[in-house]
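Chemist: The structure follows.
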Amino acid sequence: MHYLAQVTQSTPDMSQFQPYITMLSGTLGLVFLVVFLFSLLINFMIFKRTGMNPWLSLLMLVPIANFIMLLILAFTEWPVQRALRMCRAQAGGGTYPGAGYAPAAPTAYGSQLPPPPTPPTLT
């Protein structure tokens, strides 16, 4: 009985599926290429906005180097942060505390505006 089932069972002809397999592999290849280029563009823009050399994004293609670059991005002071800290230190006359700005010293009238004019007196 088992032999009869094997003999009567038809095997699919793989040659009829060849055009579909070719089309699917070409489509998947194109999708992978678009995703690859898009991720490369994203990494390029991240490195550019952090003030680092944007061509470091090519290191994201190397398996061990991409993890090292993520560690560098996470734990180093970015050049943009360094420049911002220096600008704030120059503007404030000291180091930037990092927790916010100190409130302005109160003036005689409680604000930076000049006092209101006094109304004229009638004599």
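Residue names in the structure tokens use chain letters A, B, ... in the order shown, residue numbers from 1 in each chain, and ligand numbers from 1 in the order shown.
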Residues within 12 Å of segment 55-66 of chain A, please, as a PyMOL selection string. Count only C-alpha atoms; anything in the same chain fewer than 6 positions from it doesn't count.
Modeler: chain A and resi 36-49+72-73
Chemist: Take the residues just selected and output them with N, CA and C atoms as a JSON list (two decimals), in the first residue's frame.
Modeler:
```
[["chain", "number", "residue", "atom", "x", "y", "z"],
["A", 36, "PHE", "N", 19.67, 48.93, 2.93],
["A", 36, "PHE", "CA", 21.10, 49.10, 3.22],
["A", 36, "PHE", "C", 21.53, 50.55, 2.99],
["A", 37, "LEU", "N", 21.14, 51.12, 1.84],
["A", 37, "LEU", "CA", 21.53, 52.51, 1.55],
["A", 37, "LEU", "C", 20.84, 53.49, 2.49],
["A", 38, "PHE", "N", 19.59, 53.20, 2.86],
["A", 38, "PHE", "CA", 18.88, 54.08, 3.78],
["A", 38, "PHE", "C", 19.53, 54.06, 5.16],
["A", 39, "SER", "N", 19.92, 52.89, 5.64],
["A", 39, "SER", "CA", 20.59, 52.82, 6.94],
["A", 39, "SER", "C", 21.95, 53.50, 6.90],
["A", 40, "LEU", "N", 22.63, 53.41, 5.77],
["A", 40, "LEU", "CA", 23.91, 54.11, 5.63],
["A", 40, "LEU", "C", 23.69, 55.62, 5.66],
["A", 41, "LEU", "N", 22.62, 56.10, 5.02],
["A", 41, "LEU", "CA", 22.30, 57.53, 5.04],
["A", 41, "LEU", "C", 21.94, 57.99, 6.46],
["A", 42, "ILE", "N", 21.20, 57.18, 7.18],
["A", 42, "ILE", "CA", 20.84, 57.52, 8.56],
["A", 42, "ILE", "C", 22.10, 57.65, 9.42],
["A", 43, "ASN", "N", 23.00, 56.69, 9.32],
["A", 43, "ASN", "CA", 24.24, 56.76, 10.09],
["A", 43, "ASN", "C", 25.08, 57.96, 9.67],
["A", 44, "PHE", "N", 25.11, 58.26, 8.38],
["A", 44, "PHE", "CA", 25.85, 59.42, 7.88],
["A", 44, "PHE", "C", 25.32, 60.71, 8.52],
["A", 45, "MET", "N", 24.00, 60.85, 8.58],
["A", 45, "MET", "CA", 23.40, 62.06, 9.16],
["A", 45, "MET", "C", 23.62, 62.12, 10.67],
["A", 46, "ILE", "N", 23.60, 60.99, 11.34],
["A", 46, "ILE", "CA", 23.85, 60.99, 12.79],
["A", 46, "ILE", "C", 25.27, 61.47, 13.08],
["A", 47, "PHE", "N", 26.25, 60.92, 12.37],
["A", 47, "PHE", "CA", 27.63, 61.34, 12.60],
["A", 47, "PHE", "C", 27.83, 62.80, 12.23],
["A", 48, "LYS", "N", 27.17, 63.26, 11.18],
["A", 48, "LYS", "CA", 27.30, 64.65, 10.75],
["A", 48, "LYS", "C", 26.71, 65.60, 11.81],
["A", 49, "ARG", "N", 25.57, 65.26, 12.35],
["A", 49, "ARG", "CA", 24.92, 66.13, 13.33],
["A", 49, "ARG", "C", 25.61, 66.12, 14.68],
["A", 72, "ILE", "N", 31.22, 54.53, 21.26],
["A", 72, "ILE", "CA", 31.83, 55.86, 21.18],
["A", 72, "ILE", "C", 30.75, 56.93, 21.16],
["A", 73, "LEU", "N", 29.70, 56.72, 20.38],
["A", 73, "LEU", "CA", 28.61, 57.70, 20.33],
["A", 73, "LEU", "C", 27.90, 57.84, 21.68]]
```
Chemist: In Å, rounded to a single decimal, give me how far atom CA of Met52 of chain A is from atom CA of Leu70 of chain A.
Modeler: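 These two atoms are separated by 12.9 Å.
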Chemist: Interatomic distance between atom CA of Gly51 of chain A and atom CA of Arg82 of chain A?
Modeler: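 Going from atom CA of Gly51 of chain A over to atom CA of Arg82 of chain A, I get 9.9 Å.
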Chemist: Looking only at alpha helix (DSSP H) from DSSP on the backbone, list the matching residues of segment 18-69 of chain A as a PyMOL selection string.
Modeler: chain A and resi 18-49+63-69
Chemist: With only C-alpha atoms as the atoms that count, which of A:Val31, A:Thr50, A:Asp13, A:Tyr3 lies nearest to Val80 of chain A?
Modeler: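 Checking each candidate against Val80 of chain A, we get A:Thr50 as the closest.
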Chemist: In Å to one decimal, how far is atom CA of Asn53 of chain A from atom CA of Pro79 of chain A?
Modeler: 10.5 Å
